[in-house]
$ cat model-v6.txt   # compact mmCIF, C-alpha atoms (C1' of nucleotides)
# COMPACT_ATOMS: atom_id res chain seq x y z
CA MET A 1 65.29 80.95 11.21
CA LYS A 2 66.73 79.70 14.49
CA ILE A 3 65.00 77.31 16.86
CA GLY A 4 63.63 80.05 19.12
CA GLU A 5 61.72 81.66 16.27
CA LEU A 6 60.35 78.31 15.13
CA ALA A 7 59.23 77.76 18.69
CA THR A 8 57.35 81.07 18.98
CA ARG A 9 55.82 80.68 15.52
CA THR A 10 54.43 77.24 16.29
CA GLY A 11 53.70 77.61 19.99
CA CYS A 12 56.01 74.71 20.71
CA ARG A 13 58.84 74.77 23.21
CA VAL A 14 62.42 74.74 22.06
CA VAL A 15 63.23 71.57 23.99
CA THR A 16 60.21 69.86 22.52
CA ILE A 17 61.37 70.67 18.99
CA ARG A 18 64.72 69.09 19.72
CA TYR A 19 62.90 66.11 21.20
CA TYR A 20 60.83 65.66 18.03
CA GLU A 21 64.02 65.75 16.01
CA ARG A 22 65.56 63.02 18.14
CA GLU A 23 62.37 61.01 17.71
CA GLY A 24 62.60 61.32 13.96
CA LEU A 25 59.41 63.36 13.49
CA LEU A 26 61.20 66.49 12.33
CA PRO A 27 64.02 66.17 9.79
CA GLU A 28 67.42 67.37 10.91
CA PRO A 29 67.79 70.95 9.73
CA ALA A 30 70.84 72.68 8.31
CA ARG A 31 73.31 74.15 10.78
CA SER A 32 74.95 77.55 10.96
CA GLU A 33 78.68 77.98 11.41
CA ALA A 34 78.10 78.17 15.13
CA ASN A 35 76.24 74.85 14.97
CA TYR A 36 72.81 76.49 15.42
CA ARG A 37 69.84 74.74 13.83
CA LEU A 38 68.49 76.67 10.82
CA TYR A 39 64.88 76.04 9.81
CA GLY A 40 62.76 76.96 6.81
CA GLU A 41 59.04 77.10 6.03
CA VAL A 42 59.00 73.35 5.45
CA HIS A 43 59.78 72.86 9.10
CA VAL A 44 57.11 75.30 10.22
CA GLU A 45 54.50 73.34 8.29
CA ARG A 46 55.67 69.97 9.49
CA LEU A 47 55.84 71.07 13.10
CA ALA A 48 52.38 72.62 12.82
CA PHE A 49 51.10 69.30 11.46
CA ILE A 50 52.60 67.51 14.44
CA ARG A 51 51.17 69.99 16.94
CA HIS A 52 47.69 69.71 15.41
CA CYS A 53 47.88 65.97 15.75
CA ARG A 54 49.05 66.28 19.35
CA ALA A 55 46.20 68.69 20.05
CA LEU A 56 43.96 65.84 18.89
CA ASP A 57 45.80 63.66 21.41
CA MET A 58 47.43 61.34 18.91
CA THR A 59 50.52 59.49 20.03
CA LEU A 60 53.85 60.15 18.38
CA ASP A 61 53.59 56.72 16.76
CA GLU A 62 50.25 57.64 15.20
CA ILE A 63 51.72 60.91 13.99
CA ARG A 64 54.67 59.08 12.50
CA ALA A 65 52.20 56.95 10.54
CA LEU A 66 50.26 60.00 9.31
CA LEU A 67 53.49 61.72 8.30
CA ALA A 68 54.44 58.62 6.34
CA CYS A 69 51.15 58.91 4.38
CA HIS A 70 51.80 62.59 3.94
CA ASP A 71 55.29 61.97 2.61
CA ASP A 72 54.09 59.42 0.09
CA PRO A 73 51.67 61.38 -2.10
CA GLU A 74 51.45 58.53 -4.59
CA GLY A 75 49.93 56.16 -2.07
CA THR A 76 46.30 56.32 -1.00
CA CYS A 77 45.15 57.95 2.19
CA HIS A 78 43.32 54.82 3.28
CA GLN A 79 45.76 54.27 6.14
CA ALA A 80 45.20 57.79 7.38
CA ASP A 81 41.44 57.27 7.38
CA ILE A 82 41.72 54.07 9.37
CA LEU A 83 44.04 55.68 11.86
CA ILE A 84 41.68 58.58 12.48
CA ASP A 85 38.75 56.19 12.85
CA GLU A 86 40.58 54.13 15.41
CA HIS A 87 41.71 57.18 17.28
CA LEU A 88 38.16 58.49 17.35
CA MET A 89 37.01 55.22 18.84
CA HIS A 90 39.61 55.51 21.57
CA VAL A 91 38.43 59.01 22.40
CA LYS A 92 34.80 57.91 22.55
CA ALA A 93 35.70 54.98 24.78
CA ARG A 94 37.61 57.29 27.12
CA ILE A 95 34.64 59.62 27.38
CA SER A 96 32.32 56.79 28.39
CA GLN A 97 34.77 55.51 30.95
CA LEU A 98 35.17 58.94 32.45
CA GLN A 99 31.40 59.42 32.61
CA VAL A 100 31.02 56.20 34.60
CA LEU A 101 33.80 57.44 36.82
CA GLU A 102 32.08 60.78 37.26
CA GLU A 103 28.92 59.07 38.46
CA SER A 104 30.88 57.05 40.97
CA LEU A 105 32.54 60.16 42.31
CA VAL A 106 29.28 62.06 42.60
CA ALA A 107 27.78 59.14 44.53
CA LEU A 108 30.85 59.00 46.71
CA ARG A 109 30.77 62.71 47.39
CA ALA A 110 27.12 62.55 48.41
CA ARG A 111 28.04 60.27 51.29
CA CYS A 112 29.59 63.05 53.30
CA GLN A 113 29.09 66.73 53.70
CA GLY A 114 31.38 68.13 56.11
CA GLN A 115 32.81 68.45 59.46
CA ARG A 116 32.23 65.07 60.94
CA PRO A 117 35.08 63.11 62.47
CA ALA A 118 36.95 61.08 59.89
CA ALA A 119 35.93 57.88 61.63
CA GLU A 120 32.34 58.51 60.55
CA CYS A 121 33.06 59.84 57.10
CA GLY A 122 31.00 58.06 54.48
CA ILE A 123 33.62 58.66 51.85
CA LEU A 124 36.47 57.01 53.67
CA ASP A 125 34.10 54.27 54.70
CA ALA A 126 32.94 53.59 51.16
CA LEU A 127 36.48 53.46 49.87
CA SER A 128 37.40 50.88 52.48
CA ARG A 129 34.69 48.42 51.52
CA PRO A 130 34.42 46.05 48.62
CA PRO A 131 32.92 47.93 45.67
CA GLN A 132 29.15 48.15 46.05
CA GLU A 133 26.26 49.81 44.31
CA THR A 134 27.39 53.30 45.25
CA LEU A 135 30.92 52.78 44.07
CA SER A 136 29.75 50.95 40.96
CA SER A 137 33.25 50.36 39.64
CA GLU A 138 32.48 46.68 39.72
CA ASP A 139 35.48 45.28 37.98
CA ALA A 140 37.58 48.28 38.91
CA GLU A 141 39.44 48.77 35.66
CA HIS A 142 41.66 51.74 35.89
CA VAL A 143 40.86 54.73 33.70
CA PRO A 144 44.02 56.76 33.20
CA GLY A 145 44.76 60.31 32.28
CA THR A 146 42.51 62.57 34.30
CA HIS A 147 45.42 64.56 35.57
CA PRO A 148 46.98 66.69 32.88
CA ARG A 149 50.71 66.64 32.77
CA VAL A 150 52.07 70.04 33.62
CA MET B 1 49.46 35.25 53.69
CA LYS B 2 52.22 35.68 51.11
CA ILE B 3 52.28 38.33 48.45
CA GLY B 4 50.80 36.11 45.72
CA GLU B 5 47.66 35.48 47.73
CA LEU B 6 47.28 39.16 48.55
CA ALA B 7 47.61 39.83 44.83
CA THR B 8 44.88 37.40 43.79
CA ARG B 9 42.58 38.51 46.62
CA THR B 10 42.82 42.17 45.60
CA GLY B 11 43.23 41.83 41.85
CA CYS B 12 46.52 43.66 42.04
CA ARG B 13 49.78 42.43 40.58
CA VAL B 14 52.58 41.28 42.80
CA VAL B 15 55.03 43.82 41.39
CA THR B 16 52.50 46.59 41.92
CA ILE B 17 52.12 45.66 45.59
CA ARG B 18 55.88 45.90 46.05
CA TYR B 19 55.79 49.22 44.23
CA TYR B 20 53.13 50.59 46.60
CA GLU B 21 55.28 49.50 49.51
CA ARG B 22 58.28 51.37 48.12
CA GLU B 23 56.05 54.41 47.64
CA GLY B 24 54.96 54.27 51.26
CA LEU B 25 51.28 53.54 50.57
CA LEU B 26 51.37 50.08 52.06
CA PRO B 27 53.18 49.55 55.39
CA GLU B 28 56.11 47.16 55.33
CA PRO B 29 54.76 43.77 56.40
CA ALA B 30 56.40 41.17 58.61
CA ARG B 31 58.82 38.76 56.97
CA SER B 32 59.10 35.01 57.14
CA GLU B 33 62.37 33.24 57.89
CA ALA B 34 62.95 33.00 54.16
CA ASN B 35 62.46 36.79 53.89
CA TYR B 36 59.00 36.43 52.32
CA ARG B 37 56.51 39.23 52.96
CA LEU B 38 53.69 38.11 55.28
CA TYR B 39 50.42 40.04 55.13
CA GLY B 40 47.28 40.14 57.25
CA GLU B 41 43.72 41.36 56.79
CA VAL B 42 44.84 44.91 57.53
CA HIS B 43 46.84 44.85 54.34
CA VAL B 44 43.99 43.43 52.30
CA GLU B 45 41.77 46.31 53.40
CA ARG B 46 44.37 48.95 52.83
CA LEU B 47 45.28 47.65 49.40
CA ALA B 48 41.59 47.45 48.49
CA PHE B 49 41.23 51.09 49.54
CA ILE B 50 44.12 52.03 47.29
CA ARG B 51 42.75 50.07 44.35
CA HIS B 52 39.31 51.65 44.71
CA CYS B 53 40.91 55.07 44.63
CA ARG B 54 42.98 54.13 41.59
CA ALA B 55 39.83 52.85 39.89
CA LEU B 56 38.51 56.38 40.43
CA ASP B 57 41.72 57.60 38.77
CA MET B 58 43.18 59.35 41.76
CA THR B 59 46.91 59.89 41.79
CA LEU B 60 49.07 58.18 44.39
CA ASP B 61 49.56 61.57 46.03
CA GLU B 62 45.81 62.02 46.38
CA ILE B 63 45.55 58.52 47.80
CA ARG B 64 48.33 59.27 50.26
CA ALA B 65 46.30 62.26 51.46
CA LEU B 66 43.12 60.19 51.82
CA LEU B 67 45.02 57.50 53.70
CA ALA B 68 46.34 60.16 56.04
CA CYS B 69 42.73 61.20 56.82
CA HIS B 70 41.85 57.56 57.24
CA ASP B 71 44.70 56.98 59.66
CA ASP B 72 43.77 59.95 61.80
CA PRO B 73 40.23 59.12 62.98
CA GLU B 74 40.29 62.02 65.43
CA GLY B 75 40.58 64.61 62.71
CA THR B 76 37.70 65.70 60.53
CA CYS B 77 37.13 64.39 57.07
CA HIS B 78 37.01 67.88 55.63
CA GLN B 79 40.25 67.34 53.73
CA ALA B 80 38.88 64.18 52.18
CA ASP B 81 35.77 66.02 51.02
CA ILE B 82 37.78 68.76 49.41
CA LEU B 83 40.03 66.27 47.69
CA ILE B 84 37.11 64.36 46.20
CA ASP B 85 35.52 67.63 45.06
CA GLU B 86 38.68 68.73 43.31
CA HIS B 87 39.16 65.36 41.73
CA LEU B 88 35.59 65.39 40.48
CA MET B 89 36.23 68.77 38.88
CA HIS B 90 39.27 67.38 37.11
CA VAL B 91 37.24 64.50 35.75
CA LYS B 92 34.49 66.82 34.52
CA ALA B 93 37.03 69.08 32.87
CA ARG B 94 38.61 66.11 31.11
CA ILE B 95 35.25 64.98 29.79
CA SER B 96 34.54 68.41 28.29
CA GLN B 97 37.97 68.57 26.70
CA LEU B 98 37.55 65.14 25.21
CA GLN B 99 34.13 66.04 23.84
CA VAL B 100 35.59 69.04 22.02
CA LEU B 101 38.30 66.76 20.73
CA GLU B 102 35.73 64.23 19.57
CA GLU B 103 33.94 66.89 17.54
CA SER B 104 37.18 67.93 15.90
CA LEU B 105 37.96 64.36 14.97
CA VAL B 106 34.50 63.75 13.55
CA ALA B 107 34.85 66.89 11.44
CA LEU B 108 38.29 65.80 10.35
CA ARG B 109 37.10 62.33 9.46
CA ALA B 110 34.28 63.75 7.33
CA ARG B 111 36.81 65.36 5.06
CA CYS B 112 37.83 62.11 3.46
CA GLN B 113 36.20 58.81 2.73
CA GLY B 114 38.45 56.57 1.02
CA GLN B 115 40.69 55.56 -1.68
CA ARG B 116 41.88 58.83 -3.07
CA PRO B 117 45.55 59.54 -3.48
CA ALA B 118 47.11 60.91 -0.32
CA ALA B 119 47.91 64.15 -2.10
CA GLU B 120 44.18 64.92 -2.25
CA CYS B 121 43.25 63.61 1.17
CA GLY B 122 41.25 66.18 3.09
CA ILE B 123 42.46 64.83 6.39
CA LEU B 124 46.14 65.24 5.66
CA ASP B 125 45.37 68.59 4.13
CA ALA B 126 43.46 69.84 7.15
CA LEU B 127 46.21 68.76 9.50
CA SER B 128 48.78 70.69 7.49
CA ARG B 129 46.96 74.02 7.68
CA PRO B 130 46.64 76.46 10.53
CA PRO B 131 43.72 75.40 12.72
CA GLN B 132 40.48 76.56 11.12
CA GLU B 133 36.77 76.14 11.76
CA THR B 134 36.79 72.44 11.00
CA LEU B 135 39.68 71.73 13.27
CA SER B 136 38.30 74.02 15.94
CA SER B 137 41.15 73.43 18.36
CA GLU B 138 41.82 77.13 18.25
CA ASP B 139 44.39 77.47 20.94
CA ALA B 140 45.47 73.87 20.50
CA GLU B 141 45.94 72.93 24.11
CA HIS B 142 46.91 69.35 24.44
CA VAL B 143 44.46 66.97 26.07
CA PRO B 144 46.33 63.98 27.39
CA GLY B 145 45.43 60.49 28.29
CA THR B 146 43.29 59.01 25.56
CA HIS B 147 45.54 56.04 25.17
CA PRO B 148 45.33 53.71 28.10
CA ARG B 149 48.61 52.52 29.45
CA VAL B 150 49.02 48.84 28.82
C1' DC C 1 67.15 15.05 43.24
C1' DT C 2 64.93 17.54 40.04
C1' DT C 3 61.04 20.23 38.47
C1' DG C 4 58.05 23.97 38.88
C1' DA C 5 55.73 27.51 41.32
C1' DC C 6 56.57 30.92 44.05
C1' DC C 7 59.51 34.50 46.41
C1' DC C 8 63.55 38.13 46.69
C1' DT C 9 66.38 42.45 44.99
C1' DA C 10 68.00 45.67 41.67
C1' DT C 11 67.78 47.87 37.43
C1' DA C 12 65.89 49.45 33.07
C1' DC C 13 62.07 50.69 30.28
C1' DA C 14 57.48 52.92 28.67
C1' DG C 15 55.47 58.13 26.75
C1' DA C 16 55.99 62.67 25.99
C1' DC C 17 58.10 65.54 27.47
C1' DT C 18 60.66 68.86 31.36
C1' DA C 19 64.59 70.25 34.11
C1' DT C 20 69.31 70.73 35.07
C1' DA C 21 74.29 71.16 34.40
C1' DG C 22 77.92 72.97 31.92
C1' DG C 23 79.32 75.18 28.15
C1' DG C 24 79.51 78.25 23.47
C1' DT C 25 77.68 82.47 20.48
C1' DG C 26 76.13 86.99 19.34
C1' DT C 27 74.49 91.61 20.26
C1' DG C 28 74.17 95.86 22.79
C1' DT C 29 75.77 99.00 26.41
C1' DG C 30 79.18 101.35 29.54
C1' DC D 1 87.20 96.63 25.00
C1' DA D 2 84.76 94.33 28.70
C1' DC D 3 80.78 92.71 30.32
C1' DA D 4 75.94 91.36 30.65
C1' DC D 5 72.36 88.98 28.77
C1' DA D 6 69.65 86.37 25.66
C1' DC D 7 70.03 82.78 23.01
C1' DC D 8 72.07 78.37 21.33
C1' DC D 9 74.42 73.56 22.04
C1' DT D 10 74.88 68.60 24.22
C1' DA D 11 74.13 65.18 27.65
C1' DT D 12 71.85 63.36 31.46
C1' DA D 13 68.25 62.70 34.81
C1' DG D 14 63.64 63.31 36.36
C1' DT D 15 58.27 63.07 36.02
C1' DC D 16 54.29 59.16 36.94
C1' DT D 17 52.55 54.53 37.52
C1' DG D 18 53.69 50.93 36.91
C1' DT D 19 55.90 46.69 33.67
C1' DA D 20 59.78 43.88 32.20
C1' DT D 21 64.07 41.74 32.84
C1' DA D 22 68.11 39.59 35.01
C1' DG D 23 69.88 36.79 38.42
C1' DG D 24 69.12 34.48 42.30
C1' DG D 25 66.76 31.90 46.74
C1' DT D 26 62.77 28.71 48.88
C1' DC D 27 59.66 25.02 49.13
C1' DA D 28 56.54 21.12 48.14
C1' DA D 29 55.54 17.29 45.04
C1' DG D 30 57.00 13.56 42.16
$ encode --input "model-v6.txt" --output "structure tokens"
Amino acid sequence: MKIGELATRTGCRVVTIRYYEREGLLPEPARSEANYRLYGEVHVERLAFIRHCRALDMTLDEIRALLACHDDPEGTCHQADILIDEHLMHVKARISQLQVLEESLVALRARCQGQRPAAECGILDALSRPPQETLSSEDAEHVPGTHPRV
Amino acid sequence: MKIGELATRTGCRVVTIRYYEREGLLPEPARSEANYRLYGEVHVERLAFIRHCRALDMTLDEIRALLACHDDPEGTCHQADILIDEHLMHVKARISQLQVLEESLVALRARCQGQRPAAECGILDALSRPPQETLSSEDAEHVPGTHPRV
DNA sequence: CTTGACCCTATACAGACTATAGGGTGTGTG
DNA sequence: CACACACCCTATAGTCTGTATAGGGTCAAG
């Protein structure tokens, strides 16, 4: 099958497939006479594996490591276990961070409801000051990734 | 004060301050004879404002909008309110997504404990298959941002 | 007069793609 | 047969929020 079909079958964009190939996650497929990429079921499975991992928010490096386990069926899966554990810890940590952040935002939002002049706005005021009880982000570590990439 | 002092007083790196200037978030300061940037208290406040917003994970565009409200004390703060509301919704959405993701990972992790050969590993197996009950990420939308930027 | 801490600019890199430019291929219709 | 159109190819640049590097200037202390 050509790249377009692989794309529709896996729900992955054509450009992204080519990107994964460049990154060494997908093996280079055979080519037609017209230099078109020609894929088989192997590629469907491997790409699905990658997309499942991405849906679990693993990095491409993590996926590379899992694929290495997968490609070495004589080894143990201990590495894979550790990787998933660590990833799970990252996810849990992110959730806690975001929950702290949510509280701060709710507190911030409560400081203003409406149509007052900006000079009196509690929100703008609170953001101008050194972090206090209401802002609670004491050491102000940045928590990334709220805004999904389009 | 020079840029290094501004950096230590706000907990922001020197290069980041210059970056904010390039991005138009911080006004261009005066310069010394040796072409060093010279800042005043105004800049400390404005940079603190920016860092508080970043600690709440707002994008630079969102911060630009809040600064515009802040710089127009005759206008109302309605825009600021809306912005915070929308941002809060993003954060809440992210938390829910990550919680779903956490469940999936816990389920995945439960499929293997240990030293079995990779060929029998339930984790690698589950990742290879089409998403099922245990993987639960039915429509497999990607949830970004678990891995903090270093 | 040299050392070291600080400052300057410009450019490239990070991740995980997406977008664009500029071209080739293959099928169906007029 | 000519043309449109969907699909394929490569290469390059952009996204976002910074960080890292190269290559240089300034200034105070020893």
$ closest_atom_pairs --input "model-v6.txt" --of "chain C" --to "chain B" --cutoff "10 Å" --atoms "all atoms listed in the file" --output "tab-separated table"
residue	atom	partner	partner_atom	distance
C:DC6	C1'	B:Gly4	CA	7.9
C:DC7	C1'	B:Tyr36	CA	6.2
C:DC8	C1'	B:Asn35	CA	7.4
C:DA14	C1'	B:Arg149	CA	8.9
C:DG15	C1'	B:Arg149	CA	9.3
C:DA16	C1'	B:Pro144	CA	9.8
$ write_last_selection --input "model-v6.txt" --atoms "C-alpha atoms (C1' of nucleotides)" --output "tab-separated table (two decimals), keeping the file's coordinate frame"
chain	number	residue	atom	x	y	z
C	6	DC	C1'	56.57	30.92	44.05
C	7	DC	C1'	59.51	34.50	46.41
C	8	DC	C1'	63.55	38.13	46.69
C	14	DA	C1'	57.48	52.92	28.67
C	15	DG	C1'	55.47	58.13	26.75
C	16	DA	C1'	55.99	62.67	25.99
$ interface_residues --input "model-v6.txt" --of "chain D" --to "chain A" --cutoff "8 Å" --atoms "only C-alpha atoms (C1' of nucleotides)" --output "CSV table (one decimal) with C-alpha atoms (C1' of nucleotides), in the coordinates of the input"
chain,number,residue,atom,x,y,z
D,7,DC,C1',70.0,82.8,23.0
D,8,DC,C1',72.1,78.4,21.3
D,9,DC,C1',74.4,73.6,22.0
$ atom_distance --input "model-v6.txt" --atom1 "CA of Arg22 in chain B" --atom2 "C1' of DG18 in chain D"
12.1 Å
$ residues_around --input "model-v6.txt" --residues "range 39-48 of chain A" --least-positions-apart "6" --cutoff "9 Å" --atoms "all atoms listed in the file" --output "list of chain:residue names"
A:Met1, A:Lys2, A:Ile3, A:Leu6, A:Arg9, A:Thr10, A:Gly11, A:Cys12, A:Ile17, A:Tyr20, A:Leu25, A:Leu26, A:Pro27, A:Pro29, A:Ala30, A:Arg31, A:Leu67, B:Leu127, B:Ser128, B:Arg129, B:Pro130
$ atom_distance --input "model-v6.txt" --atom1 "CA of Cys77 in chain A" --atom2 "CA of Thr16 in chain A"
28.0 Å
$ atom_distance --input "model-v6.txt" --atom1 "CA of Arg51 in chain B" --atom2 "CA of Ile63 in chain B"
9.5 Å
$ axis_aligned_box --input "model-v6.txt" --around "range 17-25 of chain C" --padding-each-side "4 Å" --output "JSON"
{"center_x": 68.8, "center_y": 74.0, "center_z": 27.8, "size_x": 29.4, "size_y": 24.9, "size_z": 22.6}
$ closest_residue --input "model-v6.txt" --among "A:Arg111, A:Arg54, A:Arg64, A:Arg18" --to "chain B" --atoms "all atoms listed in the file"
A:Arg54
$ closest_residue --input "model-v6.txt" --among "A:Ala55, A:Ala7, A:Ala107, A:Ala68" --to "chain B" --atoms "all atoms listed in the file"
A:Ala55
$ residues_around --input "model-v6.txt" --residues "DT12 in chain D" --least-positions-apart "2" --cutoff "12 Å" --atoms "all atoms listed in the file" --output "MDAnalysis selection string"
(chainID C and resid 19:22) or (chainID D and resid 10 14)
$ decode --input "model-v6.txt" --residues "range 6-26 of chain D" --atoms "N, CA and C atoms (P, O5', C5', C4', C3', O3' and C1' of nucleotides)" --output "short mmCIF file (atom, residue, chain, number, x, y, z; two decimals), in the first residue's frame"
data_model
loop_
_atom_site.label_atom_id
_atom_site.label_comp_id
_atom_site.auth_asym_id
_atom_site.auth_seq_id
_atom_site.Cartn_x
_atom_site.Cartn_y
_atom_site.Cartn_z
P DA D 6 -8.79 17.23 -6.23
"O5'" DA D 6 -8.29 15.80 -5.72
"C5'" DA D 6 -8.84 14.61 -6.26
"C4'" DA D 6 -7.83 13.47 -6.11
"C3'" DA D 6 -7.12 13.48 -4.76
"O3'" DA D 6 -7.05 12.14 -4.27
"C1'" DA D 6 -5.54 13.57 -6.50
P DC D 7 -6.66 11.86 -2.73
"O5'" DC D 7 -5.10 11.58 -2.82
"C5'" DC D 7 -4.68 10.33 -3.33
"C4'" DC D 7 -3.29 10.45 -3.90
"C3'" DC D 7 -2.17 10.61 -2.86
"O3'" DC D 7 -1.68 9.31 -2.50
"C1'" DC D 7 -1.76 11.72 -4.95
P DC D 8 -0.64 9.17 -1.32
"O5'" DC D 8 0.75 9.54 -2.01
"C5'" DC D 8 1.46 8.56 -2.75
"C4'" DC D 8 2.65 9.18 -3.45
"C3'" DC D 8 3.71 9.75 -2.50
"O3'" DC D 8 4.68 8.78 -2.20
"C1'" DC D 8 3.32 11.16 -4.41
P DC D 9 5.78 9.14 -1.12
"O5'" DC D 9 6.73 10.15 -1.90
"C5'" DC D 9 7.63 9.65 -2.89
"C4'" DC D 9 8.51 10.78 -3.41
"C3'" DC D 9 9.27 11.51 -2.32
"O3'" DC D 9 10.47 10.83 -2.02
"C1'" DC D 9 8.35 13.05 -3.90
P DT D 10 11.22 11.20 -0.67
"O5'" DT D 10 11.90 12.60 -1.03
"C5'" DT D 10 12.81 12.70 -2.11
"C4'" DT D 10 13.26 14.14 -2.25
"C3'" DT D 10 13.97 14.67 -1.01
"O3'" DT D 10 15.27 15.07 -1.34
"C1'" DT D 10 12.22 16.17 -1.71
P DA D 11 16.28 15.50 -0.14
"O5'" DA D 11 16.01 17.06 0.00
"C5'" DA D 11 15.85 17.86 -1.17
"C4'" DA D 11 15.56 19.29 -0.74
"C3'" DA D 11 16.24 19.70 0.56
"O3'" DA D 11 16.81 20.99 0.40
"C1'" DA D 11 13.92 20.07 0.73
P DT D 12 17.74 21.61 1.58
"O5'" DT D 12 16.77 22.72 2.19
"C5'" DT D 12 16.08 23.60 1.30
"C4'" DT D 12 15.04 24.37 2.09
"C3'" DT D 12 15.53 24.89 3.44
"O3'" DT D 12 15.35 26.29 3.47
"C1'" DT D 12 13.43 23.85 3.64
P DA D 13 15.86 27.15 4.76
"O5'" DA D 13 14.49 27.63 5.42
"C5'" DA D 13 13.43 28.07 4.58
"C4'" DA D 13 12.18 28.25 5.42
"C3'" DA D 13 12.44 28.88 6.79
"O3'" DA D 13 11.36 29.73 7.08
"C1'" DA D 13 11.40 26.82 7.07
P DG D 14 11.51 30.82 8.28
"O5'" DG D 14 10.25 30.48 9.19
"C5'" DG D 14 8.94 30.47 8.62
"C4'" DG D 14 8.06 29.64 9.50
"C3'" DG D 14 8.12 30.02 10.99
"O3'" DG D 14 6.90 30.63 11.37
"C1'" DG D 14 8.20 27.66 10.68
P DT D 15 6.83 31.34 12.82
"O5'" DT D 15 6.23 30.19 13.75
"C5'" DT D 15 4.94 29.63 13.48
"C4'" DT D 15 4.68 28.54 14.48
"C3'" DT D 15 4.96 28.95 15.91
"O3'" DT D 15 3.71 29.24 16.55
"C1'" DT D 15 5.75 26.73 15.40
P DC D 16 3.60 30.43 17.57
"O5'" DC D 16 4.27 29.83 18.88
"C5'" DC D 16 3.62 28.80 19.58
"C4'" DC D 16 4.53 28.35 20.69
"C3'" DC D 16 5.17 29.53 21.46
"O3'" DC D 16 4.78 29.38 22.82
"C1'" DC D 16 6.78 27.89 20.83
P DT D 17 4.76 30.58 23.87
"O5'" DT D 17 6.11 30.28 24.67
"C5'" DT D 17 6.19 29.14 25.49
"C4'" DT D 17 7.64 28.89 25.86
"C3'" DT D 17 8.37 30.13 26.40
"O3'" DT D 17 9.11 29.75 27.54
"C1'" DT D 17 9.63 29.13 24.73
P DG D 18 9.53 30.85 28.65
"O5'" DG D 18 10.67 31.69 27.91
"C5'" DG D 18 12.03 31.48 28.23
"C4'" DG D 18 12.55 30.20 27.60
"C3'" DG D 18 14.03 29.96 27.85
"O3'" DG D 18 14.19 29.04 28.91
"C1'" DG D 18 13.34 29.35 25.63
P DT D 19 15.59 29.00 29.70
"O5'" DT D 19 16.54 28.20 28.69
"C5'" DT D 19 16.35 26.80 28.50
"C4'" DT D 19 17.50 26.27 27.67
"C3'" DT D 19 18.89 26.61 28.21
"O3'" DT D 19 19.63 25.41 28.17
"C1'" DT D 19 18.71 27.27 25.94
P DA D 20 21.18 25.44 28.65
"O5'" DA D 20 21.98 25.55 27.27
"C5'" DA D 20 21.69 24.64 26.22
"C4'" DA D 20 22.72 24.81 25.10
"C3'" DA D 20 24.11 25.17 25.59
"O3'" DA D 20 25.04 24.43 24.82
"C1'" DA D 20 23.35 26.82 24.09
P DT D 21 26.59 24.42 25.19
"O5'" DT D 21 27.20 25.26 23.98
"C5'" DT D 21 26.81 24.97 22.64
"C4'" DT D 21 27.29 26.08 21.72
"C3'" DT D 21 28.69 26.60 22.05
"O3'" DT D 21 29.57 26.23 21.01
"C1'" DT D 21 27.16 28.37 21.55
P DA D 22 31.13 26.63 21.11
"O5'" DA D 22 31.20 27.92 20.19
"C5'" DA D 22 30.46 27.93 18.96
"C4'" DA D 22 30.70 29.26 18.25
"C3'" DA D 22 32.09 29.83 18.44
"O3'" DA D 22 32.49 30.45 17.22
"C1'" DA D 22 30.51 31.38 19.23
P DG D 23 34.00 30.88 17.01
"O5'" DG D 23 33.97 32.44 17.27
"C5'" DG D 23 33.13 33.28 16.47
"C4'" DG D 23 33.21 34.68 17.02
"C3'" DG D 23 34.60 35.04 17.59
"O3'" DG D 23 34.95 36.36 17.22
"C1'" DG D 23 32.98 35.44 19.19
P DG D 24 36.44 36.88 17.52
"O5'" DG D 24 36.19 38.14 18.47
"C5'" DG D 24 35.44 39.22 17.96
"C4'" DG D 24 34.64 39.85 19.07
"C3'" DG D 24 35.44 40.75 20.01
"O3'" DG D 24 35.41 42.09 19.55
"C1'" DG D 24 33.64 39.57 21.05
P DG D 25 36.34 43.12 20.33
"O5'" DG D 25 35.40 43.77 21.45
"C5'" DG D 25 34.27 44.54 21.05
"C4'" DG D 25 33.55 45.04 22.29
"C3'" DG D 25 34.39 45.95 23.20
"O3'" DG D 25 33.58 47.03 23.64
"C1'" DG D 25 33.59 44.11 24.43
P DT D 26 34.22 48.14 24.60
"O5'" DT D 26 33.87 47.62 26.07
"C5'" DT D 26 32.51 47.65 26.50
"C4'" DT D 26 32.45 47.56 28.02
"C3'" DT D 26 33.36 48.52 28.79
"O3'" DT D 26 32.58 49.03 29.85
"C1'" DT D 26 33.75 46.32 29.50
#
